[in-house]
Number of protein chains: 2
Amino acid sequence: VTTQRLAVVDLGSNSFRLVVFTWVDDSWFRLSDEIHEVVRIGEGLEETGVLAKAPMERALETVDLYAHFCRATGIDEVEAVATSAIRDATNRDEFLERAALDVRVLATEEEAFYGYLAAVNSTTLSNGVALDIGGGSMQLTLVKDREARDMRSWPFGAVRMTERFLSREPVKPKHMKALREHIGAALGDVPWLGKGGALAGVGGTVRNLGTAAMLREELPTFGVQGFPLRRKVLDDMIEDFAEMSPAERGQVRGIKPERGDLILAGALVVQAVMEAGGFDSMEVTEAGLREGVFFSRLLKHRDPPLFNDVRRASVRNLAAEYDQDSAHTAHVAELALTMWDALGTGDPVERELLWAAAMLHDIGMSIDYDDHHKHSRYLILNAGLPGFSPRETALIGQMTRFHRKGNPRLGPFAAFGLDGDEELLTRCSAVLRVAEQLERSRDQAVDRVDVRIDDGRVELRLEAHEDVSIARWAAMSEADVFKQAFGRELEISEAPRSPKARPSRARAR
Amino acid sequence: VTTQRLAVVDLGSNSFRLVVFTWVDDSWFRLSDEIHEVVRIGEGLEETGVLAKAPMERALETVDLYAHFCRATGIDEVEAVATSAIRDATNRDEFLERAALDVRVLATEEEAFYGYLAAVNSTTLSNGVALDIGGGSMQLTLVKDREARDMRSWPFGAVRMTERFLSREPVKPKHMKALREHIGAALGDVPWLGKGGALAGVGGTVRNLGTAAMLREELPTFGVQGFPLRRKVLDDMIEDFAEMSPAERGQVRGIKPERGDLILAGALVVQAVMEAGGFDSMEVTEAGLREGVFFSRLLKHRDPPLFNDVRRASVRNLAAEYDQDSAHTAHVAELALTMWDALGTGDPVERELLWAAAMLHDIGMSIDYDDHHKHSRYLILNAGLPGFSPRETALIGQMTRFHRKGNPRLGPFAAFGLDGDEELLTRCSAVLRVAEQLERSRDQAVDRVDVRIDDGRVELRLEAHEDVSIARWAAMSEADVFKQAFGRELEISEAPRSPKARPSRARAR
């Protein structure tokens, strides 16, 4: 097993960021380290066209720090990329020559491509538009069947729009109107906007707006990944922001203080895109340009470099990263799905959530054996599952929380407020628990389970290649939870033993 | 790096337990898996002297399950040990012949030795007595300079004492008195009891009593490891238990339901030991016979198999298990301790807590980079730090929590209620934060820090082998926290550069 590392250095108009990705090919990847500096190299660029002296010096010092960091931590593979501000500055060569790292200046199409890769590899977007807004520029990519069909870029980043339209405080309605009209006019030329599909958003502006919206709606905030930001909520936030000073905006929960002066312009750009495209909602992703650069490296053998299925890739990634006993995990998933298929609602989304919970139920054992069901939930909520919404991630987390103990309940996650979630959780937890108990000895002794429904009761017939009386007895301890979920008595019997033992396992002591 | 595994199967009088330990020699170890069954093989043994039919069958099935489990998970090294109930039963050979594992029946001295190893390798006990109470027997070991000097064993386990004295409900005062006198008389013969020293307690009875006491005192309950159970609190709990039915006792928070009928007898045994030995308090450990068996394997090259220093071993163990960047961690610890030595209180315990926090500050990065300061605390609280009390573990956790963000405060851990803890936390967090910022580039560029105190201000002079202007600037962002902690202004300067660069690091781009 070879662990590889790549440092992506993203020299943006607002901030510089070094992010280290660690991965094992065909197994897992993770963001393992990060340094972030608000450099604002683009300060004043809108007016003068050059990188000013003070921002240039801050920028060079920061690149120096990042270079030190890579040497010190022994990272050989470094991808440093620069976007709009550096690209457009007339004195960019001075910066590039003095920088302590080899910096690749991205063309607008490249920048847009990485934003698109980040969006499509971390959300459910398959047809529609990917929006990427940075400090300097804004990109839109037309997505069909997950492939990029067209890309456009404009200098509509939050730093530039603030400097151009909203630099005078208090902000006046006519300035906001001017900004909106400026963007609206440009977007009017895009033939594929307003033709339906979904919208996914990338970048710090989008993440801050999503987090602020979650807090405003009093939702649990373990992360903004996959959150659907509704147009109505965005409109309300913009109205509030317009009444505030930049310092006050930076105090709004979810908005970072250093972004207080930029967030209004950023929000107006997003609003203009939603308006022009007729989007009611935008799926927020935590991934950004950096992840895009990383994905193009991780998945370089694919063209385009996309996961086949983002949701399944996320679950498998987390399962592999905290791997405990994959034979056990896969078998619990199989048994649980068999029971659910016979007893469940048939809803494919619910089935997928159950599968995810089964795959992840034991990852908490990597923290501590005691209370590992709670640790599994902690890891799921904190590491996140790109492709799933916060509500779905919370449901998966609660299923793992209740896979061995306690009375399944939504708790704080009831705030996501979908009718029937409590019942969904109870159903999935119940079959997961029975499956876990059938696999108590972790040796896949129960080959299959045959589900017979007889009104008032459910009989599970176990097909096994050795004695499974302990599995039966252990699984019967979940009869109460089972009855609560399905309104039926649980019975467990053993099918006549198959004459041939499975060849892969020794039977003798 | 070779990862090794050992399954310890503990066939006790009350419960059977399989515990898997995973370790890398000279690096880390952890409990990685566990199965627990309340078998009560000793049921009825006190009266008849034999293992009864039903308990024997339950026991054999459970051993069978454990054997399956070891085969299925590929564990080759299995140590199955039996204690009092099986040792004393006249029909033990029938059980041993039919059991699916090779079971070693421990002599009383062996059982006592493993309990002693568990206690001395997981607590601060160095002179005094180790108490180990199980379902069948109770052992006391005299400890001098951490070595076992004498061991005694009696059939005073919680199951046996319940059957003999408290089997009739409601429990009457005269039955409790008879139990106490029975034990008191036996302990009167131990010449070394009542001669001072500390008391550490091992076993399920002790753990349940400790947890119940913590909940009764409304303390945060992330674990009972190292909790000092005071005699006064134990006396109060016994008074309450005496008024309850077994079912009610099993409902007391901290007492496991299946232990409701045994806890009163167990508590009376502990009380009798504290009385006879004149102990005001007992240090509770989560380690038990199983850990004792494991320690004798892990530390087999030492005689006796003891860690040199339990507290340092615990910290190093956790740091190695979740290792991130040991050069960085060690350097942060060194810088922080240098500052603390110049500015701190001189209290060696506070110094050790700071060292522990510095060693562990980044372990949360193994969960996720974002919020890793919070994840570090989560891992510390949940994995635990044997040798430290809950209050100390919480302080270490809070220091890591505040090593990069937030205003240091005790939060819920103020409940441990020692005067001055808030100031201690602020002092240690402040030096840890400055040290972390001085090591921002993670390349140990700041070789040393020289602390000069001038009234009203503190000057840190950095000795470095390359440019450290970023480290200076980054560390200055902690000036507020620093002033809050030490009441002095922070100043940072750079000593004249040493002419020779450190040879171990390349300097060129």
# chains A, B, ... in the order shown; residues from 1 in each chain; ligands from 1
call {"tool": "residues_around", "arguments": {"residues": "Val103 (chain A)", "least_positions_apart": "3", "cutoff": "12 Å", "atoms": "only C-alpha atoms", "output": "list of chain:residue names"}}
result
A:Val8, A:Val9, A:Asp10, A:Leu11, A:Gly12, A:Leu60, A:Val63, A:Ala67, A:Val78, A:Glu79, A:Ala80, A:Val81, A:Ala82, A:Thr83, A:Ile86, A:Arg87, A:Arg92, A:Asp93, A:Phe95, A:Leu96, A:Glu97, A:Arg98, A:Ala99, A:Ala100, A:Leu106
call {"tool": "interface_residues", "arguments": {"of": "chain B", "to": "chain A", "cutoff": "7 Å", "atoms": "only C-alpha atoms", "output": "number ranges by chain"}}
result
B: 31-33, 65, 68-69, 72, 100, 365, 367-369, 379, 382-383, 441-443, 509
call {"tool": "residues_around", "arguments": {"residues": "Asp132 (chain A)", "least_positions_apart": "5", "cutoff": "12 Å", "atoms": "only C-alpha atoms", "output": "ChimeraX atom specification"}}
result
/A:108,111-120,137-142,151-158,199-207,266,269-270,273,282-289,292
call {"tool": "residues_around", "arguments": {"residues": "region 249-265 of chain B", "least_positions_apart": "3", "cutoff": "6 Å", "atoms": "only C-alpha atoms", "output": "JSON, numbers by chain"}}
result
{"B": [158, 161, 162, 208, 211, 212, 246, 268]}
call {"tool": "select_by_dssp", "arguments": {"residues": "region 90-317 of chain A", "states": "strand (DSSP E or B)", "output": "VMD selection string"}}
result
chain A and resid 103 to 105 128 to 133 138 to 144 147 to 154 198 to 202 228 to 230 281 to 284
call {"tool": "select_by_dssp", "arguments": {"residues": "region 24-167 of chain A", "states": "alpha helix (DSSP H)", "output": "ChimeraX atom specification"}}
result
/A:45-48,53-72,84-88,92-98,108-120,158-165
call {"tool": "closest_residue", "arguments": {"among": "A:Ala430, A:Thr123, A:Leu179, A:Arg164", "to": "Leu385 (chain A)", "atoms": "only C-alpha atoms"}}
result
A:Thr123
call {"tool": "atom_distance", "arguments": {"atom1": "CA of Gly197 (chain A)", "atom2": "CA of Val129 (chain A)"}}
result
7.2 Å
call {"tool": "residues_around", "arguments": {"residues": "Asp303 (chain A)", "least_positions_apart": "4", "cutoff": "10 Å", "atoms": "only C-alpha atoms", "output": "MDAnalysis selection string"}}
result
chainID A and resid 147 296 299
call {"tool": "atom_distance", "arguments": {"atom1": "CA of Ala357 (chain A)", "atom2": "CA of Ala394 (chain A)"}}
result
10.4 Å
call {"tool": "residues_around", "arguments": {"residues": "Gly188 (chain B)", "least_positions_apart": "6", "cutoff": "10 Å", "atoms": "only C-alpha atoms", "output": "PyMOL selection string"}}
result
chain B and resi 194+276-277
call {"tool": "write_last_selection", "arguments": {"atoms": "N, CA and C atoms", "output": "JSON list (two decimals), in the first residue's frame"}}
result
[["chain", "number", "residue", "atom", "x", "y", "z"],
["B", 194, "GLY", "N", -3.88, -1.02, 56.50],
["B", 194, "GLY", "CA", -3.98, 0.03, 57.51],
["B", 194, "GLY", "C", -2.66, 0.72, 57.76],
["B", 276, "ALA", "N", -10.96, -1.38, 56.48],
["B", 276, "ALA", "CA", -9.84, -2.12, 57.07],
["B", 276, "ALA", "C", -8.50, -1.45, 56.77],
["B", 277, "GLY", "N", -8.40, -0.84, 55.59],
["B", 277, "GLY", "CA", -7.12, -0.24, 55.21],
["B", 277, "GLY", "C", -7.02, 1.24, 55.57]]
call {"tool": "residues_around", "arguments": {"residues": "region 44-51 of chain A", "least_positions_apart": "5", "cutoff": "8 Å", "atoms": "only C-alpha atoms", "output": "PyMOL selection string"}}
result
chain A and resi 56+85-86+88-92+160+163-164
call {"tool": "decode", "arguments": {"residues": "region 64-75 of chain B", "atoms": "N, CA and C atoms", "output": "mmCIF file, in the first residue's frame"}}
result
data_model
loop_
_atom_site.group_PDB
_atom_site.id
_atom_site.type_symbol
_atom_site.label_atom_id
_atom_site.label_comp_id
_atom_site.auth_asym_id
_atom_site.auth_seq_id
_atom_site.Cartn_x
_atom_site.Cartn_y
_atom_site.Cartn_z
ATOM 1 N N ASP B 64 -17.628 -21.169 22.266
ATOM 2 C CA ASP B 64 -17.733 -21.530 20.863
ATOM 3 C C ASP B 64 -17.803 -20.284 19.971
ATOM 4 N N LEU B 65 -18.649 -19.344 20.368
ATOM 5 C CA LEU B 65 -18.769 -18.076 19.642
ATOM 6 C C LEU B 65 -17.407 -17.374 19.567
ATOM 7 N N TYR B 66 -16.697 -17.343 20.690
ATOM 8 C CA TYR B 66 -15.413 -16.653 20.723
ATOM 9 C C TYR B 66 -14.391 -17.350 19.818
ATOM 10 N N ALA B 67 -14.437 -18.685 19.813
ATOM 11 C CA ALA B 67 -13.511 -19.439 18.957
ATOM 12 C C ALA B 67 -13.795 -19.132 17.484
ATOM 13 N N HIS B 68 -15.078 -19.129 17.127
ATOM 14 C CA HIS B 68 -15.466 -18.743 15.768
ATOM 15 C C HIS B 68 -14.919 -17.372 15.414
ATOM 16 N N PHE B 69 -15.125 -16.466 16.328
ATOM 17 C CA PHE B 69 -14.735 -15.084 16.109
ATOM 18 C C PHE B 69 -13.237 -14.981 15.835
ATOM 19 N N CYS B 70 -12.437 -15.667 16.618
ATOM 20 C CA CYS B 70 -10.976 -15.593 16.436
ATOM 21 C C CYS B 70 -10.572 -16.175 15.083
ATOM 22 N N ARG B 71 -11.180 -17.301 14.714
ATOM 23 C CA ARG B 71 -10.868 -17.896 13.410
ATOM 24 C C ARG B 71 -11.274 -16.947 12.291
ATOM 25 N N ALA B 72 -12.503 -16.402 12.422
ATOM 26 C CA ALA B 72 -13.048 -15.566 11.344
ATOM 27 C C ALA B 72 -12.212 -14.313 11.145
ATOM 28 N N THR B 73 -11.703 -13.749 12.225
ATOM 29 C CA THR B 73 -10.963 -12.505 12.113
ATOM 30 C C THR B 73 -9.467 -12.751 12.013
ATOM 31 N N GLY B 74 -9.071 -14.046 11.929
ATOM 32 C CA GLY B 74 -7.665 -14.370 11.679
ATOM 33 C C GLY B 74 -6.727 -14.072 12.830
ATOM 34 N N ILE B 75 -7.227 -14.199 14.042
ATOM 35 C CA ILE B 75 -6.361 -13.970 15.207
ATOM 36 C C ILE B 75 -5.760 -15.301 15.643
#
